[in-house]
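The data block below is work-v1.tsv; it holds TSV, C-alpha atoms.
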```tsv
chain	number	residue	atom	x	y	z
A	1	THR	CA	6.20	9.75	9.62
A	2	ASP	CA	8.12	10.28	12.83
A	3	GLY	CA	6.27	13.45	13.81
A	4	ARG	CA	9.03	15.87	12.83
A	5	PRO	CA	7.84	17.71	9.71
A	6	VAL	CA	10.26	19.17	7.20
A	7	ASP	CA	8.01	22.21	6.74
A	8	ALA	CA	8.37	24.44	9.82
A	9	SER	CA	4.82	25.74	9.38
A	10	MET	CA	3.44	22.33	10.34
A	11	PRO	CA	3.18	21.39	14.02
A	12	LYS	CA	5.69	18.94	15.48
A	13	LEU	CA	3.97	15.87	16.89
A	14	ALA	CA	7.05	14.04	18.17
A	15	GLY	CA	7.26	14.06	21.94
A	16	ARG	CA	3.89	15.72	22.56
A	17	PRO	CA	1.86	14.21	25.41
A	18	ALA	CA	-0.36	11.35	24.26
A	19	SER	CA	-3.31	12.75	26.21
A	20	GLN	CA	-3.10	16.03	24.28
A	21	LEU	CA	-2.73	14.31	20.92
A	22	LEU	CA	-5.54	11.89	21.66
A	23	ALA	CA	-7.89	14.74	22.53
A	24	GLU	CA	-7.04	16.48	19.26
A	25	LEU	CA	-7.44	13.29	17.21
A	26	GLN	CA	-10.81	12.59	18.84
A	27	ALA	CA	-11.94	16.16	18.17
A	28	PHE	CA	-11.04	15.82	14.49
A	29	ALA	CA	-12.67	12.38	14.20
A	30	SER	CA	-15.93	13.55	15.80
A	31	GLY	CA	-16.11	16.76	13.79
A	32	GLN	CA	-15.73	18.94	16.90
A	33	ARG	CA	-12.58	20.37	15.36
A	34	PRO	CA	-13.32	21.14	11.72
A	35	SER	CA	-10.89	20.06	9.05
A	36	THR	CA	-11.41	19.01	5.48
A	37	VAL	CA	-8.69	16.36	5.56
A	38	MET	CA	-8.18	15.18	9.15
A	39	GLN	CA	-11.86	14.53	9.79
A	40	GLN	CA	-12.06	12.30	6.74
A	41	LEU	CA	-8.83	10.45	7.55
A	42	LEU	CA	-9.64	9.74	11.20
A	43	ARG	CA	-13.29	8.82	10.82
A	44	GLY	CA	-12.48	5.13	10.24
A	45	TYR	CA	-10.18	4.64	13.24
A	46	SER	CA	-11.30	3.00	16.48
A	47	ALA	CA	-10.67	4.56	19.89
A	48	ALA	CA	-7.88	2.04	20.49
A	49	GLN	CA	-6.22	2.93	17.19
A	50	LEU	CA	-6.37	6.65	17.94
A	51	ARG	CA	-4.79	5.98	21.35
A	52	ALA	CA	-2.02	3.92	19.70
A	53	ILE	CA	-1.30	6.77	17.26
A	54	ALA	CA	-1.07	9.29	20.10
A	55	GLU	CA	1.21	7.00	22.12
A	56	TYR	CA	3.45	6.41	19.11
A	57	PHE	CA	4.06	10.13	18.60
A	58	GLU	CA	4.59	10.72	22.33
A	59	ALA	CA	7.36	8.09	22.28
A	60	GLN	CA	9.22	9.78	19.40
A	61	ASP	CA	12.32	11.83	20.22
A	62	ALA	CA	11.34	15.47	19.79
A	63	THR	CA	14.95	16.70	19.83
A	64	ARG	CA	16.12	15.03	16.62
```
Re-express the file's structure as structure tokens.
Amino acid sequence: TDGRPVDASMPKLAGRPASQLLAELQAFASGQRPSTVMQQLLRGYSAAQLRAIAEYFEAQDATR
């Protein structure tokens, strides 16, 4: 998706700093930040792929 969820209870990812998102993605992937879904989803991604995901969401327009 573009990082702008329809459900207001979900966090907006669009426009957030890549460094912040990358840290959160890495924490999920390593198990430092517990989650039943995110940990499983991110486990198979490389460091470069996680960085690309974070950079993608940073580049999205948060105001739309």
Residue neighbourhood A:Pro17, 9 Å, only C-alpha atoms, exclusion window fewer than 4 positions, as a VMD selection string: chain A and resid 13 21 to 22 54 to 55 57 to 59
Keeping only C-alpha atoms, write those residues as a tab-separated table (two decimals), keeping the file's coordinate frame.
```tsv
chain	number	residue	atom	x	y	z
A	13	LEU	CA	3.97	15.87	16.89
A	21	LEU	CA	-2.73	14.31	20.92
A	22	LEU	CA	-5.54	11.89	21.66
A	54	ALA	CA	-1.07	9.29	20.10
A	55	GLU	CA	1.21	7.00	22.12
A	57	PHE	CA	4.06	10.13	18.60
A	58	GLU	CA	4.59	10.72	22.33
A	59	ALA	CA	7.36	8.09	22.28
```
Option closest in space to A:Asp61, from A:Ser9, A:Gln26, A:Ala14, A:Arg33 [counting only C-alpha atoms]: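 Going through A:Ser9, A:Gln26, A:Ala14, A:Arg33 one by one, the smallest distance to A:Asp61 is for A:Ala14.
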Atom CA of A:Leu50 to atom CA of A:Ser30, straight-line distance in Å: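 Distance between the two atoms: 12.0 Å.
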Residues near A:Leu42, cut-off 10 Å, all atoms listed in the file, skip fewer than 5 positions along chain, as number ranges by chain: A: 25-31, 37, 49-50
Between atom CA of A:Glu24 and atom CA of A:Gly3, distance in Å (one decimal): 14.7 Å
